[in-house]
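Enquirer: So here's work-v5.pdb, just PDB, C-alpha atoms:
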ATOM      1  CA  MET X 269      12.981  26.414 -29.293  1.00  0.00           C
ATOM      2  CA  LYS X 270      16.559  27.239 -28.330  1.00  0.00           C
ATOM      3  CA  ILE X 271      19.093  24.412 -28.359  1.00  0.00           C
ATOM      4  CA  SER X 272      19.919  25.061 -24.693  1.00  0.00           C
ATOM      5  CA  THR X 273      16.242  24.690 -23.767  1.00  0.00           C
ATOM      6  CA  THR X 274      15.973  21.486 -25.761  1.00  0.00           C
ATOM      7  CA  ILE X 275      19.023  20.036 -24.032  1.00  0.00           C
ATOM      8  CA  PHE X 276      17.657  21.036 -20.617  1.00  0.00           C
ATOM      9  CA  LEU X 277      14.303  19.351 -21.287  1.00  0.00           C
ATOM     10  CA  PHE X 278      16.050  16.247 -22.609  1.00  0.00           C
ATOM     11  CA  LEU X 279      18.229  15.930 -19.508  1.00  0.00           C
ATOM     12  CA  LYS X 280      15.270  16.608 -17.236  1.00  0.00           C
ATOM     13  CA  ASN X 281      13.238  13.870 -18.905  1.00  0.00           C
ATOM     14  CA  MET X 282      16.158  11.459 -18.613  1.00  0.00           C
ATOM     15  CA  SER X 283      16.420  12.227 -14.902  1.00  0.00           C
ATOM     16  CA  LEU X 284      12.707  11.616 -14.397  1.00  0.00           C
ATOM     17  CA  ASN X 285      12.826   8.376 -16.349  1.00  0.00           C
ATOM     18  CA  THR X 286      15.714   7.254 -14.140  1.00  0.00           C
ATOM     19  CA  ARG X 287      13.618   7.895 -11.012  1.00  0.00           C
ATOM     20  CA  PHE X 288      10.759   5.789 -12.366  1.00  0.00           C
ATOM     21  CA  THR X 289      13.126   3.029 -13.444  1.00  0.00           C
ATOM     22  CA  GLU X 290      14.843   2.874 -10.043  1.00  0.00           C
ATOM     23  CA  VAL X 291      11.508   2.414  -8.272  1.00  0.00           C
ATOM     24  CA  SER X 292      10.330  -0.201 -10.771  1.00  0.00           C
ATOM     25  CA  LEU X 293      13.550  -2.160 -10.144  1.00  0.00           C
ATOM     26  CA  SER X 294      13.487  -1.775  -6.358  1.00  0.00           C
ATOM     27  CA  LYS X 295      13.385  -5.214  -4.757  1.00  0.00           C
ATOM     28  CA  THR X 296      12.176  -3.702  -1.492  1.00  0.00           C
ATOM     29  CA  PHE X 297       9.176  -2.017  -3.072  1.00  0.00           C
ATOM     30  CA  ASP X 298       8.467  -5.090  -5.186  1.00  0.00           C
ATOM     31  CA  ARG X 299       8.214  -7.183  -1.996  1.00  0.00           C
ATOM     32  CA  ILE X 300       5.821  -4.666  -0.456  1.00  0.00           C
ATOM     33  CA  ARG X 301       3.757  -4.293  -3.628  1.00  0.00           C
ATOM     34  CA  THR X 302       3.455  -8.063  -4.057  1.00  0.00           C
ATOM     35  CA  LEU X 303       2.688  -8.858  -0.420  1.00  0.00           C
ATOM     36  CA  PHE X 304      -0.010  -6.185  -0.067  1.00  0.00           C
ATOM     37  CA  GLU X 305      -1.170  -6.266  -3.699  1.00  0.00           C
ATOM     38  CA  LEU X 306      -0.698  -2.549  -4.267  1.00  0.00           C
ATOM     39  CA  ASP X 307      -0.967  -3.080  -8.016  1.00  0.00           C
ATOM     40  CA  LYS X 308      -4.528  -4.370  -7.541  1.00  0.00           C
ATOM     41  CA  LYS X 309      -5.767  -1.829  -4.982  1.00  0.00           C
ATOM     42  CA  SER X 310      -6.641   1.839  -4.748  1.00  0.00           C
ATOM     43  CA  VAL X 311      -3.676   3.543  -3.118  1.00  0.00           C
ATOM     44  CA  LEU X 312      -3.436   7.047  -1.669  1.00  0.00           C
ATOM     45  CA  ASP X 313       0.196   8.035  -2.260  1.00  0.00           C
ATOM     46  CA  LEU X 314       1.106  10.925   0.025  1.00  0.00           C
ATOM     47  CA  GLY X 315       4.104  13.029  -0.893  1.00  0.00           C
ATOM     48  CA  CYS X 316       3.966  11.212  -4.220  1.00  0.00           C
ATOM     49  CA  GLY X 317       6.685  13.182  -6.011  1.00  0.00           C
ATOM     50  CA  TYR X 318       6.371  12.659  -9.754  1.00  0.00           C
ATOM     51  CA  GLY X 319       4.365   9.481  -9.196  1.00  0.00           C
ATOM     52  CA  GLU X 320       7.215   6.958  -9.245  1.00  0.00           C
ATOM     53  CA  TYR X 321       5.367   4.610  -6.863  1.00  0.00           C
ATOM     54  CA  LEU X 322       1.894   5.642  -7.972  1.00  0.00           C
ATOM     55  CA  ALA X 323       2.598   4.376 -11.491  1.00  0.00           C
ATOM     56  CA  LEU X 324       2.827   0.848 -10.058  1.00  0.00           C
ATOM     57  CA  CYS X 325      -0.406   1.007  -8.039  1.00  0.00           C
ATOM     58  CA  GLY X 326      -3.912  -0.155  -8.888  1.00  0.00           C
ATOM     59  CA  GLU X 327      -6.891   1.494 -10.495  1.00  0.00           C
ATOM     60  CA  GLY X 328      -8.411   4.397  -8.562  1.00  0.00           C
ATOM     61  CA  SER X 329      -5.110   5.369  -6.953  1.00  0.00           C
ATOM     62  CA  LEU X 330      -4.363   9.028  -6.234  1.00  0.00           C
ATOM     63  CA  GLY X 331      -1.202  10.950  -5.424  1.00  0.00           C
ATOM     64  CA  ILE X 332      -0.905  14.207  -3.506  1.00  0.00           C
ATOM     65  CA  THR X 333       2.074  16.564  -3.557  1.00  0.00           C
ATOM     66  CA  SER X 334       2.681  20.197  -2.612  1.00  0.00           C
ATOM     67  CA  ASN X 335       4.924  20.752  -5.655  1.00  0.00           C
ATOM     68  CA  GLN X 336       3.133  22.127  -8.712  1.00  0.00           C
ATOM     69  CA  GLU X 337       5.861  20.968 -11.109  1.00  0.00           C
ATOM     70  CA  GLU X 338       5.461  17.401  -9.828  1.00  0.00           C
ATOM     71  CA  VAL X 339       1.703  17.606 -10.378  1.00  0.00           C
ATOM     72  CA  LYS X 340       2.178  18.794 -13.967  1.00  0.00           C
ATOM     73  CA  GLU X 341       4.742  16.126 -14.828  1.00  0.00           C
ATOM     74  CA  ALA X 342       2.750  13.309 -13.200  1.00  0.00           C
ATOM     75  CA  ILE X 343      -0.451  14.259 -15.019  1.00  0.00           C
ATOM     76  CA  ALA X 344       1.498  14.401 -18.292  1.00  0.00           C
ATOM     77  CA  ARG X 345       2.453  10.769 -17.610  1.00  0.00           C
ATOM     78  CA  GLY X 346      -1.208   9.831 -17.235  1.00  0.00           C
ATOM     79  CA  LEU X 347      -1.220   9.635 -13.443  1.00  0.00           C
ATOM     80  CA  SER X 348      -3.897  10.944 -11.107  1.00  0.00           C
ATOM     81  CA  VAL X 349      -2.151  13.518  -8.926  1.00  0.00           C
ATOM     82  CA  MET X 350      -3.452  16.592  -7.154  1.00  0.00           C
ATOM     83  CA  PHE X 351      -1.856  19.572  -5.465  1.00  0.00           C
ATOM     84  CA  GLY X 352      -2.349  19.951  -1.726  1.00  0.00           C
ATOM     85  CA  ASN X 353      -0.847  20.324   1.716  1.00  0.00           C
ATOM     86  CA  ILE X 354      -1.025  16.857   3.204  1.00  0.00           C
ATOM     87  CA  GLU X 355      -1.108  18.255   6.720  1.00  0.00           C
ATOM     88  CA  GLU X 356      -4.489  19.711   5.739  1.00  0.00           C
ATOM     89  CA  LEU X 357      -6.033  16.490   4.473  1.00  0.00           C
ATOM     90  CA  ASP X 358      -9.309  17.343   6.141  1.00  0.00           C
ATOM     91  CA  GLN X 359      -9.568  20.415   3.894  1.00  0.00           C
ATOM     92  CA  LEU X 360      -8.791  18.701   0.576  1.00  0.00           C
ATOM     93  CA  ASN X 361     -12.339  17.383   0.192  1.00  0.00           C
ATOM     94  CA  LEU X 362     -11.368  13.868  -0.816  1.00  0.00           C
ATOM     95  CA  LYS X 363     -14.667  12.093  -1.307  1.00  0.00           C
ATOM     96  CA  LYS X 364     -13.484   8.483  -1.389  1.00  0.00           C
ATOM     97  CA  SER X 365     -11.631   6.058   0.811  1.00  0.00           C
ATOM     98  CA  PHE X 366      -8.630   3.970  -0.173  1.00  0.00           C
ATOM     99  CA  ALA X 367      -7.543   0.392   0.384  1.00  0.00           C
ATOM    100  CA  VAL X 368      -3.951   1.446   1.068  1.00  0.00           C
ATOM    101  CA  VAL X 369      -2.302   4.642   2.280  1.00  0.00           C
ATOM    102  CA  TRP X 370       1.332   4.799   1.190  1.00  0.00           C
ATOM    103  CA  ALA X 371       3.811   7.440   2.386  1.00  0.00           C
ATOM    104  CA  ASN X 372       7.538   6.925   1.966  1.00  0.00           C
ATOM    105  CA  ASN X 373      10.174   9.354   3.264  1.00  0.00           C
ATOM    106  CA  PHE X 374       7.446  11.715   4.365  1.00  0.00           C
ATOM    107  CA  PHE X 375       6.462  11.132   8.006  1.00  0.00           C
ATOM    108  CA  GLU X 376       9.695  12.634   9.343  1.00  0.00           C
ATOM    109  CA  HIS X 377       8.915  15.971   7.623  1.00  0.00           C
ATOM    110  CA  LEU X 378       5.525  16.579   9.219  1.00  0.00           C
ATOM    111  CA  LEU X 379       4.757  19.342  11.653  1.00  0.00           C
ATOM    112  CA  SER X 380       2.136  17.209  13.384  1.00  0.00           C
ATOM    113  CA  PRO X 381       2.531  13.428  12.882  1.00  0.00           C
ATOM    114  CA  HIS X 382      -0.326  12.552  15.244  1.00  0.00           C
ATOM    115  CA  ALA X 383      -2.854  14.831  13.544  1.00  0.00           C
ATOM    116  CA  PHE X 384      -1.723  13.443  10.185  1.00  0.00           C
ATOM    117  CA  LEU X 385      -2.380   9.855  11.301  1.00  0.00           C
ATOM    118  CA  MET X 386      -5.786  10.804  12.678  1.00  0.00           C
ATOM    119  CA  ASN X 387      -6.831  12.637   9.512  1.00  0.00           C
ATOM    120  CA  LEU X 388      -6.046   9.514   7.497  1.00  0.00           C
ATOM    121  CA  LYS X 389      -8.692   7.487   9.324  1.00  0.00           C
ATOM    122  CA  PRO X 390     -11.755   8.880   7.473  1.00  0.00           C
ATOM    123  CA  LEU X 391      -9.970   8.124   4.173  1.00  0.00           C
ATOM    124  CA  SER X 392      -9.240   4.515   5.096  1.00  0.00           C
ATOM    125  CA  LYS X 393     -11.610   1.634   4.524  1.00  0.00           C
ATOM    126  CA  GLU X 394     -12.227  -0.903   7.254  1.00  0.00           C
ATOM    127  CA  GLY X 395      -9.113  -3.040   7.256  1.00  0.00           C
ATOM    128  CA  SER X 396      -7.191  -0.625   5.040  1.00  0.00           C
ATOM    129  CA  PHE X 397      -3.417  -0.795   5.158  1.00  0.00           C
ATOM    130  CA  LEU X 398      -1.235   2.109   6.193  1.00  0.00           C
ATOM    131  CA  ILE X 399       2.361   1.728   4.996  1.00  0.00           C
ATOM    132  CA  LEU X 400       4.834   4.341   6.230  1.00  0.00           C
ATOM    133  CA  GLY X 401       8.460   4.278   5.120  1.00  0.00           C
ATOM    134  CA  VAL X 402      10.565   6.192   7.646  1.00  0.00           C
ATOM    135  CA  PRO X 403      14.318   6.663   8.265  1.00  0.00           C
ATOM    136  CA  VAL X 404      15.109   5.624  11.830  1.00  0.00           C
ATOM    137  CA  PHE X 405      17.852   5.507  14.443  1.00  0.00           C
ATOM    138  CA  PRO X 406      19.257   1.951  14.626  1.00  0.00           C
ATOM    139  CA  ARG X 407      19.459   0.050  17.894  1.00  0.00           C
ATOM    140  CA  ILE X 408      23.255   0.426  17.799  1.00  0.00           C
ATOM    141  CA  LEU X 409      23.575   4.215  17.785  1.00  0.00           C
ATOM    142  CA  SER X 410      27.260   4.171  16.869  1.00  0.00           C
ATOM    143  CA  LEU X 411      26.154   3.169  13.349  1.00  0.00           C
ATOM    144  CA  MET X 412      24.962   6.765  12.937  1.00  0.00           C
ATOM    145  CA  HIS X 413      28.569   7.724  12.276  1.00  0.00           C
ATOM    146  CA  PHE X 414      28.343   5.961   8.906  1.00  0.00           C
ATOM    147  CA  SER X 415      26.748   7.690   5.922  1.00  0.00           C
ATOM    148  CA  LYS X 416      24.199   4.934   5.261  1.00  0.00           C
ATOM    149  CA  TRP X 417      22.617   5.567   8.654  1.00  0.00           C
ATOM    150  CA  LYS X 418      22.702   9.384   8.605  1.00  0.00           C
ATOM    151  CA  GLY X 419      19.478   9.734   6.616  1.00  0.00           C
ATOM    152  CA  ALA X 420      17.398  10.189   9.749  1.00  0.00           C
ATOM    153  CA  LEU X 421      19.445  13.308  10.572  1.00  0.00           C
ATOM    154  CA  ALA X 422      18.885  15.099   7.247  1.00  0.00           C
ATOM    155  CA  SER X 423      18.659  18.850   7.794  1.00  0.00           C
ATOM    156  CA  ASN X 424      15.044  19.103   6.603  1.00  0.00           C
ATOM    157  CA  HIS X 425      13.746  16.450   9.016  1.00  0.00           C
ATOM    158  CA  ILE X 426      11.889  17.655  12.108  1.00  0.00           C
ATOM    159  CA  ASN X 427      10.820  14.307  13.599  1.00  0.00           C
ATOM    160  CA  PHE X 428      13.140  11.518  14.694  1.00  0.00           C
ATOM    161  CA  PHE X 429      12.258   7.915  15.414  1.00  0.00           C
ATOM    162  CA  THR X 430      13.557   4.602  16.609  1.00  0.00           C
ATOM    163  CA  LYS X 431      11.751   1.415  15.703  1.00  0.00           C
ATOM    164  CA  GLU X 432       9.980   1.494  19.063  1.00  0.00           C
ATOM    165  CA  THR X 433       8.905   5.158  19.087  1.00  0.00           C
ATOM    166  CA  LEU X 434       7.697   4.908  15.493  1.00  0.00           C
ATOM    167  CA  CYS X 435       5.521   1.930  16.380  1.00  0.00           C
ATOM    168  CA  GLU X 436       4.153   3.657  19.485  1.00  0.00           C
ATOM    169  CA  THR X 437       3.352   6.860  17.580  1.00  0.00           C
ATOM    170  CA  VAL X 438       1.308   4.937  15.015  1.00  0.00           C
ATOM    171  CA  GLU X 439      -0.550   2.888  17.625  1.00  0.00           C
ATOM    172  CA  ARG X 440      -1.446   5.931  19.739  1.00  0.00           C
ATOM    173  CA  ALA X 441      -3.361   7.293  16.742  1.00  0.00           C
ATOM    174  CA  GLY X 442      -5.594   4.249  16.516  1.00  0.00           C
ATOM    175  CA  TRP X 443      -3.701   2.105  14.022  1.00  0.00           C
ATOM    176  CA  ARG X 444      -2.978  -1.551  14.816  1.00  0.00           C
ATOM    177  CA  VAL X 445       0.630  -2.255  13.867  1.00  0.00           C
ATOM    178  CA  LEU X 446       1.028  -5.505  11.939  1.00  0.00           C
ATOM    179  CA  ALA X 447       4.720  -5.254  11.089  1.00  0.00           C
ATOM    180  CA  VAL X 448       7.742  -2.983  11.349  1.00  0.00           C
ATOM    181  CA  ARG X 449      10.227  -4.247   8.780  1.00  0.00           C
ATOM    182  CA  PRO X 450      12.864  -3.075   6.307  1.00  0.00           C
ATOM    183  CA  PHE X 451      11.637  -5.659   3.751  1.00  0.00           C
ATOM    184  CA  PHE X 452      15.224  -6.578   2.962  1.00  0.00           C
ATOM    185  CA  PHE X 453      14.242 -10.253   3.003  1.00  0.00           C
ATOM    186  CA  LYS X 454      11.144 -12.283   2.194  1.00  0.00           C
ATOM    187  CA  ASN X 455      11.852 -14.387   5.265  1.00  0.00           C
ATOM    188  CA  LYS X 456      10.133 -12.702   8.232  1.00  0.00           C
ATOM    189  CA  THR X 457      12.646 -13.940  10.791  1.00  0.00           C
ATOM    190  CA  LEU X 458      15.639 -12.597   8.882  1.00  0.00           C
ATOM    191  CA  ASP X 459      13.801  -9.344   8.271  1.00  0.00           C
ATOM    192  CA  TYR X 460      12.917  -9.044  11.959  1.00  0.00           C
ATOM    193  CA  VAL X 461      16.608  -9.327  12.893  1.00  0.00           C
ATOM    194  CA  ALA X 462      17.537  -6.806  10.203  1.00  0.00           C
ATOM    195  CA  SER X 463      14.995  -4.318  11.580  1.00  0.00           C
ATOM    196  CA  PHE X 464      17.251  -3.624  14.589  1.00  0.00           C
ATOM    197  CA  PHE X 465      20.021  -2.345  12.327  1.00  0.00           C
ATOM    198  CA  ALA X 466      18.174  -1.023   9.275  1.00  0.00           C
ATOM    199  CA  PRO X 467      18.380   2.720   8.525  1.00  0.00           C
ATOM    200  CA  HIS X 468      14.883   2.718   7.018  1.00  0.00           C
ATOM    201  CA  LEU X 469      11.788   0.868   8.209  1.00  0.00           C
ATOM    202  CA  TYR X 470       8.256   0.377   6.939  1.00  0.00           C
ATOM    203  CA  VAL X 471       5.388   0.342   9.397  1.00  0.00           C
ATOM    204  CA  VAL X 472       2.392  -1.645   8.196  1.00  0.00           C
ATOM    205  CA  ALA X 473      -0.809  -1.061  10.140  1.00  0.00           C
ATOM    206  CA  HIS X 474      -4.592  -1.472  10.012  1.00  0.00           C
ATOM    207  CA  ASN X 475      -7.068   1.278  10.816  1.00  0.00           C
ATOM    208  CA  GLU X 476      -8.788   0.665  14.160  1.00  0.00           C
ATOM    209  CA  SER X 477     -12.160   2.206  13.317  1.00  0.00           C
ATOM    210  CA  THR X 478     -13.358   1.959  16.925  1.00  0.00           C
ATOM    211  CA  PHE X 479     -10.409   3.885  18.348  1.00  0.00           C
ATOM    212  CA  THR X 480     -11.247   6.514  20.981  1.00  0.00           C
ATOM    213  CA  TYR X 481      -9.096   8.725  23.147  1.00  0.00           C
ATOM    214  CA  PRO X 482      -8.775   7.664  26.795  1.00  0.00           C
ATOM    215  CA  PRO X 483     -10.778   9.601  29.415  1.00  0.00           C
ATOM    216  CA  LYS X 484      -7.698  11.437  30.722  1.00  0.00           C
ATOM    217  CA  LYS X 485      -7.000  12.852  27.257  1.00  0.00           C
ATOM    218  CA  LEU X 486     -10.645  13.807  26.825  1.00  0.00           C
ATOM    219  CA  MET X 487     -10.498  15.795  30.064  1.00  0.00           C
ATOM    220  CA  GLU X 488      -7.581  17.773  28.637  1.00  0.00           C
ATOM    221  CA  TRP X 489      -9.219  18.466  25.273  1.00  0.00           C
ATOM    222  CA  LYS X 490     -12.985  18.680  25.836  1.00  0.00           C
ATOM    223  CA  GLY X 491     -14.370  22.124  25.063  1.00  0.00           C
ATOM    224  CA  ASN X 492     -11.201  23.297  23.302  1.00  0.00           C
ATOM    225  CA  SER X 493     -11.971  24.078  19.645  1.00  0.00           C
ATOM    226  CA  PHE X 494      -8.338  23.453  18.653  1.00  0.00           C
ATOM    227  CA  TYR X 495      -8.862  19.711  19.188  1.00  0.00           C
ATOM    228  CA  SER X 496     -12.452  19.507  17.937  1.00  0.00           C
ATOM    229  CA  ASN X 497     -11.589  17.965  14.561  1.00  0.00           C
ATOM    230  CA  LEU X 498      -9.635  15.113  16.165  1.00  0.00           C
ATOM    231  CA  LEU X 499     -12.468  14.426  18.568  1.00  0.00           C
ATOM    232  CA  LYS X 500     -14.990  14.409  15.716  1.00  0.00           C
ATOM    233  CA  ILE X 501     -12.955  11.761  13.930  1.00  0.00           C
ATOM    234  CA  THR X 502     -13.304   9.524  16.983  1.00  0.00           C
ATOM    235  CA  GLN X 503     -16.947  10.578  17.480  1.00  0.00           C
ATOM    236  CA  GLN X 504     -16.070  11.894  20.926  1.00  0.00           C
ATOM    237  CA  GLU X 505     -17.518  15.344  20.310  1.00  0.00           C
TER     238      GLU X 505
END
In structure tokens, how does this file's structure come out?
Expert:
Amino acid sequence: MKISTTIFLFLKNMSLNTRFTEVSLSKTFDRIRTLFELDKKSVLDLGCGYGEYLALCGEGSLGITSNQEEVKEAIARGLSVMFGNIEELDQLNLKKSFAVVWANNFFEHLLSPHAFLMNLKPLSKEGSFLILGVPVFPRILSLMHFSKWKGALASNHINFFTKETLCETVERAGWRVLAVRPFFFKNKTLDYVASFFAPHLYVVAHNESTFTYPPKKLMEWKGNSFYSNLLKITQQE
């Protein structure tokens, strides 16, 4: 093996190890993992990257990514990761449900956020947690002039949320929102105040298994094959 190749692989491995270390030391993720017992539950990690979060989740957890290199590296680390387009979850033939669905820095990239949330429902157990980490616009919009708050405007993002619109989007897909927090603090009151200024929020929600579309929406969609899969999920077709 050439020396240059050896050096490249060494530096690449160091970079990957750094990513895993940063997540393992993240106080924010540690609060989430502890509160919702991710290390004891089966977690579906969507947009899992190299498996930085997945490595800290419980038995039976699975990661999905659309990057073949990430799949290869994650499997080499002993993680369960598969290749797939997450916007086509209904075509990935996942035969089990999960106690937690985790997706961080992913929701803002989706072509169809609503369809994504609906397609998660068959993969979620009764009372399963959905945890979405999403960059948002703060209540004080002038903060967007500072680099820490510009994440929501990254060039590869195609969806943009405030705390309120993020919550509404999740609820309109049949998920009961339990919390919208940055998890900066263990104290809920302090964290609630911080949520109005935080550049990144986590929505925690339960699957409402009895969710159905309202009659007005059914009138728009009935008989149109484009919407048939969504209606099947709600048993309205």
Enquirer: Between X:Glu290, X:Asp307, X:Asp313, X:Glu439, which residue has the minimum interatomic distance to Val472 (chain X), considering all atoms listed in the file?
Expert: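 Smallest distance to Val472 (chain X) is found for X:Glu439.
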Enquirer: List the residues matched by the PyMOL selection byres ((chain X and resi 339) around 8) in the displayed structure as a ChimeraX atom specification, ordered by chain and then by residue number.
Expert: /X:317-318,333,335-338,340-343,349-351
Enquirer: Have a look at X:Asp459, X:Ser392, X:Leu409, X:Asn387 and name the one nearest to Ala441 (chain X); count only C-alpha atoms.
Expert: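 Of all the options, X:Asn387 lies closest to Ala441 (chain X).
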Enquirer: Please identify all polymer residues lying at most 12 Å from the point (11.6, 3.7, -10.3) (file coordinates), using all atoms listed in the file, and present the result as a PDB file with C-alpha atoms, in the frame of the given file.
Expert:
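Writing done, so here's point-v4.pdb:
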ATOM      1  CA  SER X 283      16.420  12.227 -14.902  1.00  0.00           C
ATOM      2  CA  LEU X 284      12.707  11.616 -14.397  1.00  0.00           C
ATOM      3  CA  ASN X 285      12.826   8.376 -16.349  1.00  0.00           C
ATOM      4  CA  THR X 286      15.714   7.254 -14.140  1.00  0.00           C
ATOM      5  CA  ARG X 287      13.618   7.895 -11.012  1.00  0.00           C
ATOM      6  CA  PHE X 288      10.759   5.789 -12.366  1.00  0.00           C
ATOM      7  CA  THR X 289      13.126   3.029 -13.444  1.00  0.00           C
ATOM      8  CA  GLU X 290      14.843   2.874 -10.043  1.00  0.00           C
ATOM      9  CA  VAL X 291      11.508   2.414  -8.272  1.00  0.00           C
ATOM     10  CA  SER X 292      10.330  -0.201 -10.771  1.00  0.00           C
ATOM     11  CA  LEU X 293      13.550  -2.160 -10.144  1.00  0.00           C
ATOM     12  CA  SER X 294      13.487  -1.775  -6.358  1.00  0.00           C
ATOM     13  CA  LYS X 295      13.385  -5.214  -4.757  1.00  0.00           C
ATOM     14  CA  THR X 296      12.176  -3.702  -1.492  1.00  0.00           C
ATOM     15  CA  PHE X 297       9.176  -2.017  -3.072  1.00  0.00           C
ATOM     16  CA  ASP X 298       8.467  -5.090  -5.186  1.00  0.00           C
ATOM     17  CA  GLY X 317       6.685  13.182  -6.011  1.00  0.00           C
ATOM     18  CA  TYR X 318       6.371  12.659  -9.754  1.00  0.00           C
ATOM     19  CA  GLY X 319       4.365   9.481  -9.196  1.00  0.00           C
ATOM     20  CA  GLU X 320       7.215   6.958  -9.245  1.00  0.00           C
ATOM     21  CA  TYR X 321       5.367   4.610  -6.863  1.00  0.00           C
ATOM     22  CA  LEU X 322       1.894   5.642  -7.972  1.00  0.00           C
ATOM     23  CA  ALA X 323       2.598   4.376 -11.491  1.00  0.00           C
ATOM     24  CA  LEU X 324       2.827   0.848 -10.058  1.00  0.00           C
TER      25      LEU X 324
END
Enquirer: What separation in Å, quoted to one decimal, exists between CA of Leu469 (chain X) and CA of Phe451 (chain X)?
Expert: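 Value for the CA of Leu469 (chain X)-CA of Phe451 (chain X) distance: 7.9 Å.
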Enquirer: Do you know which residues are at most 9 Å from Leu499 (chain X) counting all atoms listed in the file, after dropping those on the same chain fewer than 6 positions away, and could you put them as a ChimeraX atom specification?
Expert: /X:480-481,486,489-490,505
Enquirer: Between X:Leu347, X:Leu303, X:Leu391, X:Leu385, single out the one closest to Arg444 (chain X), counting all atoms listed in the file.
Expert: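 Result for the nearest residue to Arg444 (chain X): X:Leu385.
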Enquirer: Go through the shown structure with the PyMOL selection byres ((chain X and resi 429-434) around 9) and write out the matching residues as a list of chain:residue names.
Expert: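 Applying the PyMOL selection byres ((chain X and resi 429-434) around 9) to the structure shown produces X:Glu376, X:Val402, X:Pro403, X:Val404, X:Phe405, X:Pro406, X:Arg407, X:Ala420, X:Asn427, X:Phe428, X:Cys435, X:Glu436, X:Thr437, X:Val438, X:Glu439, X:Val448, X:Ser463, X:Phe464, X:Leu469, X:Val471.
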Enquirer: Nearest residue to Asn475 (chain X) out of X:Leu498, X:Met487, X:Ala462, X:Ile399, using all atoms listed in the file?
Expert: X:Ile399
Enquirer: Would you mind telling me which residue in X:Lys454, X:Arg440, X:His474, X:Lys364 lies nearest to Leu398 (chain X) when using only C-alpha atoms?
Expert: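 For Leu398 (chain X), the nearest of the candidates is X:His474.
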Enquirer: By how many Å are CA of Ile426 (chain X) and CA of Ser334 (chain X) apart?
Expert: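 Pair CA of Ile426 (chain X) / CA of Ser334 (chain X) returns 17.5 Å.
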Enquirer: Compare X:Gly442, X:Pro467, X:Pro381, X:Pro390 by their minimum atom-to-atom distance to Lys363 (chain X), counting only C-alpha atoms, and give me the closest one.
Expert: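 Looking at the shortest contact to Lys363 (chain X), the residue is X:Pro390.
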Enquirer: Take the PyMOL selection byres ((chain X and resi 328) around 9), run it mentally on this structure, and tell me the resulting residues as a PyMOL selection string.
Expert: chain X and resi 309-312+325-327+329-330+348+366
Enquirer: If I wrap all listed atoms of region 284-303 of chain X in a box with edges along x, y and z and add 8 Å on each side, what are its centre and edge lengths in Å to one decimal, as JSON?
Expert:
{"center_x": 9.2, "center_y": 1.4, "center_z": -8.4, "size_x": 29.0, "size_y": 36.5, "size_z": 31.9}
Enquirer: Tell me, in Å to one decimal, how far CA of Gly401 (chain X) is from CA of Phe375 (chain X).
Expert: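 Going from CA of Gly401 (chain X) over to CA of Phe375 (chain X), I get 7.7 Å.
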Enquirer: Limit the output to N, CA and C atoms and give region 478-489 of chain X as an mmCIF file, in the first residue's frame.
Expert:
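Below is the file part-v3.cif, written as the result:
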data_model
loop_
_atom_site.group_PDB
_atom_site.id
_atom_site.type_symbol
_atom_site.label_atom_id
_atom_site.label_comp_id
_atom_site.auth_asym_id
_atom_site.auth_seq_id
_atom_site.Cartn_x
_atom_site.Cartn_y
_atom_site.Cartn_z
ATOM 1 N N THR X 478 -54.768 6.190 15.833
ATOM 2 C CA THR X 478 -56.143 6.331 15.356
ATOM 3 C C THR X 478 -56.332 7.544 14.447
ATOM 4 N N PHE X 479 -55.236 8.191 14.087
ATOM 5 C CA PHE X 479 -55.321 9.389 13.260
ATOM 6 C C PHE X 479 -55.988 9.103 11.917
ATOM 7 N N THR X 480 -56.893 9.996 11.522
ATOM 8 C CA THR X 480 -57.513 9.946 10.189
ATOM 9 C C THR X 480 -57.558 11.361 9.619
ATOM 10 N N TYR X 481 -57.581 11.439 8.307
ATOM 11 C CA TYR X 481 -57.700 12.741 7.665
ATOM 12 C C TYR X 481 -59.121 13.265 7.816
ATOM 13 N N PRO X 482 -59.293 14.566 7.939
ATOM 14 C CA PRO X 482 -60.634 15.142 8.065
ATOM 15 C C PRO X 482 -61.417 14.975 6.763
ATOM 16 N N PRO X 483 -62.741 15.004 6.845
ATOM 17 C CA PRO X 483 -63.585 14.791 5.656
ATOM 18 C C PRO X 483 -63.249 15.705 4.484
ATOM 19 N N LYS X 484 -62.922 16.970 4.752
ATOM 20 C CA LYS X 484 -62.609 17.902 3.671
ATOM 21 C C LYS X 484 -61.388 17.440 2.883
ATOM 22 N N LYS X 485 -60.384 16.908 3.587
ATOM 23 C CA LYS X 485 -59.189 16.412 2.910
ATOM 24 C C LYS X 485 -59.512 15.147 2.127
ATOM 25 N N LEU X 486 -60.367 14.303 2.687
ATOM 26 C CA LEU X 486 -60.755 13.085 1.982
ATOM 27 C C LEU X 486 -61.466 13.404 0.670
ATOM 28 N N MET X 487 -62.282 14.445 0.675
ATOM 29 C CA MET X 487 -62.981 14.848 -0.548
ATOM 30 C C MET X 487 -61.993 15.264 -1.636
ATOM 31 N N GLU X 488 -60.883 15.865 -1.222
ATOM 32 C CA GLU X 488 -59.863 16.279 -2.188
ATOM 33 C C GLU X 488 -59.105 15.093 -2.766
ATOM 34 N N TRP X 489 -58.883 14.056 -1.938
ATOM 35 C CA TRP X 489 -57.962 12.985 -2.300
ATOM 36 C C TRP X 489 -58.627 11.698 -2.764
#
